[in-house]
Each structure stands twice: as C-alpha cells, then as structure tokens.
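Before any comments, here is the structure.
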Amino acid sequence: MKKIFLVVFLVFFFLSGFTQWEWQNPLPQGNSLRSIFFTDSTTGFAVGNAGTILKTVDAGSTWTVLSVGNSVWLHAVYFVNKNIGYAVGENGVILKTIDRGASWNNLNSGTTAYLTSVFFTDPNVGFAIGINTYPGDAVILKTVDGGVSWDSVSIGIKCWLSSVFFTDTNTGYAVGDSGTILKTIDGGANWNILSSGTIHWLNSVYFTDDNNGFIVGDKILLRTTNGGMNWTILTIGTHSFSSVFFIDKETGFTVGDNGIIKKTIDAGLTWTNLSSGTYMPLSSVFFTAAGTGYAVGGLGTILKTDDGGTTWNSISSGPTCSFYEIKFTNKNDGYTVGDFGTILKTTNGGTQWTTLSTGTSDQLLSVSYPNSYSGYAVGLNGTILKTVNGGLNWTTSTIGTGDLLNSVFFTNTSTGYVVGYKGAILKTNDGGATWTILASETANDLYSVVFIGDSTGYAVGDNGSILKTINAGTNWTVYSLGSTYWLRSVFFVDSSVGYAAGGDLSGGVVVKTTDGGVTWNALPIGSTYGLTSIFFTDVNKGFVVGGNINNGRILKTTDGGSNWVTLSIGTTNWLNSVFFTDENTGYAVGQYGTILKTTNGGGIFIEEITSSEAFFSIYPNPVRNKITIVNKLKTAEITTIKIFNINGELLINKAFQDVNLIELDLSIISKGMYLITIQNKDQIETRKFVIQ
C-alpha cells in the first residue's frame, strides 16, 4: 500500500483572523448542510457546502460559523471524543480538530477522491470512504495514527461509496450505489461484497449491535438480523432517504427528500411519517437522547425535536427566496428585493432584516431610493411599486405594459427611469404617478440603468448593447461592443470612467470606458463565471459578483480593473447584486435568500489549494528573503507571477518566458501574510504565504 504522510502548512493557522463575508440571511447561514454530529447533549457540529462547519454549545439554540480556510463541499463529520473530530469532503479533503472545533488542520489524504463518510473506531484508527471520480473506483482510506498518515485500501470495484459504520474494531460496513454493501471482519484490511438483493442507491448504514443493522437509500430500506449475511427489504415509501439513526434497538429515525422524517418503534418493521414543517431535503439525523434529536439539510436547514420526533422546530431562520438587488440610503438603512414580491428592510446595517408588506407576489428585480422615505421597486409583469414612508406601505403604478422590468434608477424624488424587455425604457417626471415610454433605438433586453447627474445616463443589455443619453432620456445613442456579451450591470465612478459587467458562454466579462462611454475595453477578469453586478467605492477599488450553478463569486480590484482577485465568501450560491456604503462596509445578495456583509473591504482570497491539486509548488513557506515557484507540468510558455498584500493591493507583477523554476527576491517586502497568483495559458492558482 502507498503510505501518505501528513503535510500541515503553517499558514493554515493564520486563517481564523481572516473572516471576509458574514451571513446575514438566512441564519445562522444558507449553505446546504450534509452531516450533523453531537459529542454530548449540548455540543454539536454540522458540515456542508462551501467548507461550512457550524458549532453549537447550547443544544442548538445558537450556532457559530467556524472558519476552516477551505471552500470545498464537506459531506461528513465525526468526533472521536469531545476534543478530537474529523470532517471529509470533495477533492480528498480531510480536516481534523483537536480543540473542540476551535481550529481545523488540513490533513493530506493522498487522494483527490470525493470523500463522503468518516468513522473512527478509536482515537487512532479511522476510515474515510468515497469515490475516485475518474475512473470511478471506490475509495477506502484507513489511518492508524489519528490521521497523520492514510493507507488506500484496494477493493477493486467501481462504485460510489456513501456511508461507513463499524460495530467494533474489526467489523465494519460500507454501502453505496447499485445496491453495494461491503463488509470487513479484519479491521478494514479486506472487504467482501455482500448480497443486498437490490440495485438501488444506498446512502446510509447504521447498526444497533453486532447483528442488527439498517440501510436506507433511494426508495428503499434494508434490515439485517445476522450481521449482514442476509438483508430484508422493508416497505418504507417512495422517497429517497439520506440518513438513518437509532437511539436503541427498537427506536430509529430516517430522513430524506422533501423534508421527509420517519420513525420506527419496532426495529424497522413499520415506519410512521412525522411532520417536519419543511420541504427542504434533509441529509442527516442525530439524536442525543431519547427525546432530543436534530436534522439538517438544504439551504442551511436545522431542525430540532424535544419530544422524540412528534414535533420539529426550525432553528434556522430567514426567507430563502432569491434576492436580485440591494441598495442602501445611508450606512444603516437598506433594502433588498426578490421573488414573490419580497422586500426586506434593515435599519441597523443588516443586523436585522424585516419583511415588508408589498401587496404583490410578482418577482421584484430592482430597487431605487432617491431619499430615505421615497422608494421604488420594479419587476415581473410590468410591476412598479412605490413607497413614500420608508417601505411601510407600497402602491402600484399603472404603466400600460406587462413586460419584464429589470432595473430602476431615480435621479431625484420626481425623475426616474426603468429599463427592461426588448429595449423598453420608461421615464417619470412626477414621482411615478405617470410613466412615458421612451424610444431606446434597440430591441435587445436591457438589464441595468444608471445616471450621473440629471441628464447623462447609461443602460446596458444583451448582445453587448450599451446606450447613452445626454438629454435626460429624450435621445439615446446605441454603442455596441461587437460581441454577444450579455451585460447585466453598469456603474460609473465619474463622468468619464465607467464599467459594465456580464458575460457569455465562455464566462464573465468586465468592460471599462475612460471617455464617458464612447469606447469600451475588456478587462482581464480571468473568470469563467457569469457576472451580474458591479460596484466601485472609488476610482481604484471595485467589486463584481456572479457565479454559476455550483459557486458564487466576488472579485475585487484595487487598481481600476487592471487586476482582480477572487475573494473568499463562504457560499456556493450565485450572487446577483453588490453594494458598498463606504470603502469597508459592503453587502451582496443572491440565490436562496443569501445576504452577506463585509466590514473589511471584502478581504482577500484565502482558499488554500491542496498539494495534490496544484500545478505549481512554492517553497519555502514561511519565507525570509526568496521564494521559489516550480511548474510541475514543465511546459514552455509565459508564466505570470503576481503578489498581493492582505488588502488585495498588487506589489509584484512579473512575467517569465519558458522558465519552469522561478526565484523571486522578496527582501524588500515587510513581514506578514501575502498572496501569490501564478498563471500560464492553462492554469491559474492563488496561494497564501508568510514572510518572516
């Protein structure tokens, strides 16, 4: 077997002080949770998407989001005792804590496999399982020294393993797709395939003693009474079940899709549906006592029961509809709009958000406040809402069109503009009492409108469309980027300098003008993600947000768009809007009710790339005077090296032609933590390093 030894990077221990964006909605956070584990009646942990680890010390009443410096999906958490715990996830990530979750070390698993489950039989001996996504081999890892090294156990089957459970130091089970059940009786050295009698995907295995065990999966429940020699298929319904847990030999629970929770009191022979109060998929269930249990799942859902499952209360809170724009009228008062006519308001800088009554269920896409009291929101079906009392009441304007309206901007309390479907531009001069349809000179959908002063305004949209007016909308000049970019957001720093963000099938794009919109040049954004909103706090510092189906993104520039760094944001949800009230305080909103806040200017990129993933290696780290970069692929091409400080400011920018080993003199840079970005035509990687 191949022995893999632990490599712990010193920089990992600096991570706890670099929290960048904090959740404001939902609470305690909105990433989907995959696994929950309690070490005693009050202390528990939950893990999930985007490197999420939550901890409670008061039996679930409150939860703290822990900083682990890794944004991979975590699928399982297991504690050996109250101090020592492990979490595993994608890219072979295995995290370990020895201080009750206060800090987490990234162990070297020696694999990039997708790890789905972890189990320890004692403080030293443990197992992690999953799949090597290419070529699809089942993966079982074993450690006998508390994670310092891991052995890869050869089992020779192609399978996605989902769950592992041991009944003693020698006897264990692992289950996965196509009805796969594996058993070991020699402490994991060898694994035998058991006959399950099904081809259904199996998700979770649990044994109440040496003989009696249960497996749940896709529309199936299996039971054995003889240590896995035979399995009986029990009737459980048509749901997909993700997790099973028993509090004694007779009483057990299983959870799954659509918020399903079932309970048995006769060792699985019959199951009763419980009311969970949610339709979110549930991924994991855990009981600390006969009456007290927890379940976690989609979009940060956390449920708790204190009566043995009869009733379940939601610990997580806040609306989970998507939000599309956020605006603040001052440092305290802000609004965000979204699905189902939702408008939230904060009066304390986002500490609390209140849902306002709008009288509509139409999707709202944009909001504008010319002062603290007068506000407007627009969206689906030609909806235009107005308030004159800070959102307490809203009235609907009649505009004579039912088309989609994407963006609203008011230059003062009387004059405002709305853009939308097929080049629609509307204007009001009487505070929204009446609206006039303007001639836009384009049939492309428009997504964003902004004015600098009373007369000069811009609108952007599909097919690289950029429109400009210099006479308060009477006439519009159409500029085209000559591309298929869909532009979703436009922002001007002053009368000359402006930016627009969007993308096409190849990824995100940011374009910049320095002549008031006459000419536009694409910036080196380096993002394969669609971009939806852009905001600058001054002529140099700006932010752009977006994402794709699996990841949210915030990029930051400190030099007017010449260079961009990806910020650590702690969510996989797509982001739709970004807004800053000053150079340090900013907000971003997006999918599934996501509201994030930063108070340190967005921070910096802090996500570590594991050595097994990296195309480049850097050493030493920490460094004193000189750092060495090695291209593992040894290709002949241009390699660009950029070094940033913790504020994202570019300190060094050098290019090297056909060099695979690069040495940089850093003696002129002061002590501290820095980022190094290494890029060639095929790869780009960012790492942390420390100068001592």
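Here, A, B, ... name the chains of the structure tokens in the order displayed, residue numbers run from 1 inside each chain, and ligands are numbered from 1 in the same displayed order.
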Quick one: everything within 8 Å of Ile618 in chain A, counting only C-alpha atoms, minus sequence neighbours fewer than 5 positions away in the same chain. Send it as an MDAnalysis selection string. chainID A and resid 627:630
Do you know which residues are at most 6 Å from range 408-416 of chain A counting only C-alpha atoms, after dropping those on the same chain fewer than 4 positions away, and could you put them as an mmCIF file with N, CA and C atoms, in the first residue's frame?
data_model
loop_
_atom_site.group_PDB
_atom_site.id
_atom_site.type_symbol
_atom_site.label_atom_id
_atom_site.label_comp_id
_atom_site.auth_asym_id
_atom_site.auth_seq_id
_atom_site.Cartn_x
_atom_site.Cartn_y
_atom_site.Cartn_z
ATOM 1 N N SER A 366 -35.376 45.017 -8.979
ATOM 2 C CA SER A 366 -34.562 46.205 -8.769
ATOM 3 C C SER A 366 -35.263 47.170 -7.825
ATOM 4 N N SER A 368 -34.836 51.342 -6.024
ATOM 5 C CA SER A 368 -34.149 52.633 -6.035
ATOM 6 C C SER A 368 -34.784 53.546 -5.005
ATOM 7 N N PRO A 370 -34.500 57.499 -3.943
ATOM 8 C CA PRO A 370 -33.912 58.833 -4.090
ATOM 9 C C PRO A 370 -33.702 59.544 -2.763
ATOM 10 N N LYS A 427 -39.890 56.534 -18.365
ATOM 11 C CA LYS A 427 -39.470 57.693 -17.586
ATOM 12 C C LYS A 427 -40.666 58.327 -16.895
ATOM 13 N N THR A 428 -40.434 58.798 -15.682
ATOM 14 C CA THR A 428 -41.448 59.577 -14.965
ATOM 15 C C THR A 428 -40.850 60.910 -14.529
ATOM 16 N N ASN A 429 -41.665 61.949 -14.592
ATOM 17 C CA ASN A 429 -41.259 63.266 -14.101
ATOM 18 C C ASN A 429 -42.077 63.717 -12.900
ATOM 19 N N ASP A 430 -42.981 62.830 -12.452
ATOM 20 C CA ASP A 430 -43.870 63.217 -11.355
ATOM 21 C C ASP A 430 -43.876 62.176 -10.231
ATOM 22 N N GLY A 431 -42.690 61.611 -9.980
ATOM 23 C CA GLY A 431 -42.573 60.678 -8.864
ATOM 24 C C GLY A 431 -43.313 59.387 -9.057
#
Measure the distance from CA of Trp21 in chain A to CA of Leu596 in chain A in Å and round it to one decimal.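 CA of Leu596 in chain A lies at a distance of 5.8 Å from CA of Trp21 in chain A.
Residues in contact with Asp266 in chain A at 12 Å, where only C-alpha atoms are counted and same-chain residues fewer than 2 positions away are skipped, are listed as Phe246, Asp248, Lys249, Glu250, Thr251, Gly252, Phe253, Lys263, Thr264, Gly268, Leu269, Thr270, Trp271 and Thr272 of chain A.
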Counting only C-alpha atoms, which residue out of A:Gly172, A:Thr351, A:Asn212, A:Asp177 sits closest to Asn230 in chain A? A:Asn212
Could you check how far CA of Thr301 in chain A sits from CA of Tyr114 in chain A, in Å to one decimal?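 Calculated distance between CA of Thr301 in chain A and CA of Tyr114 in chain A is 23.2 Å.
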Range 259-484 of chain A: which residues are strand (DSSP E or B) by DSSP, as a PyMOL selection string? chain A and resi 261-264+272-274+282-287+293-297+302-305+313-314+317+323-328+334-338+343-346+354-356+364-368+375-379+384-387+395-396+405-410+416-420+425-428+436-438+446-452+456-461+465-469+477-480
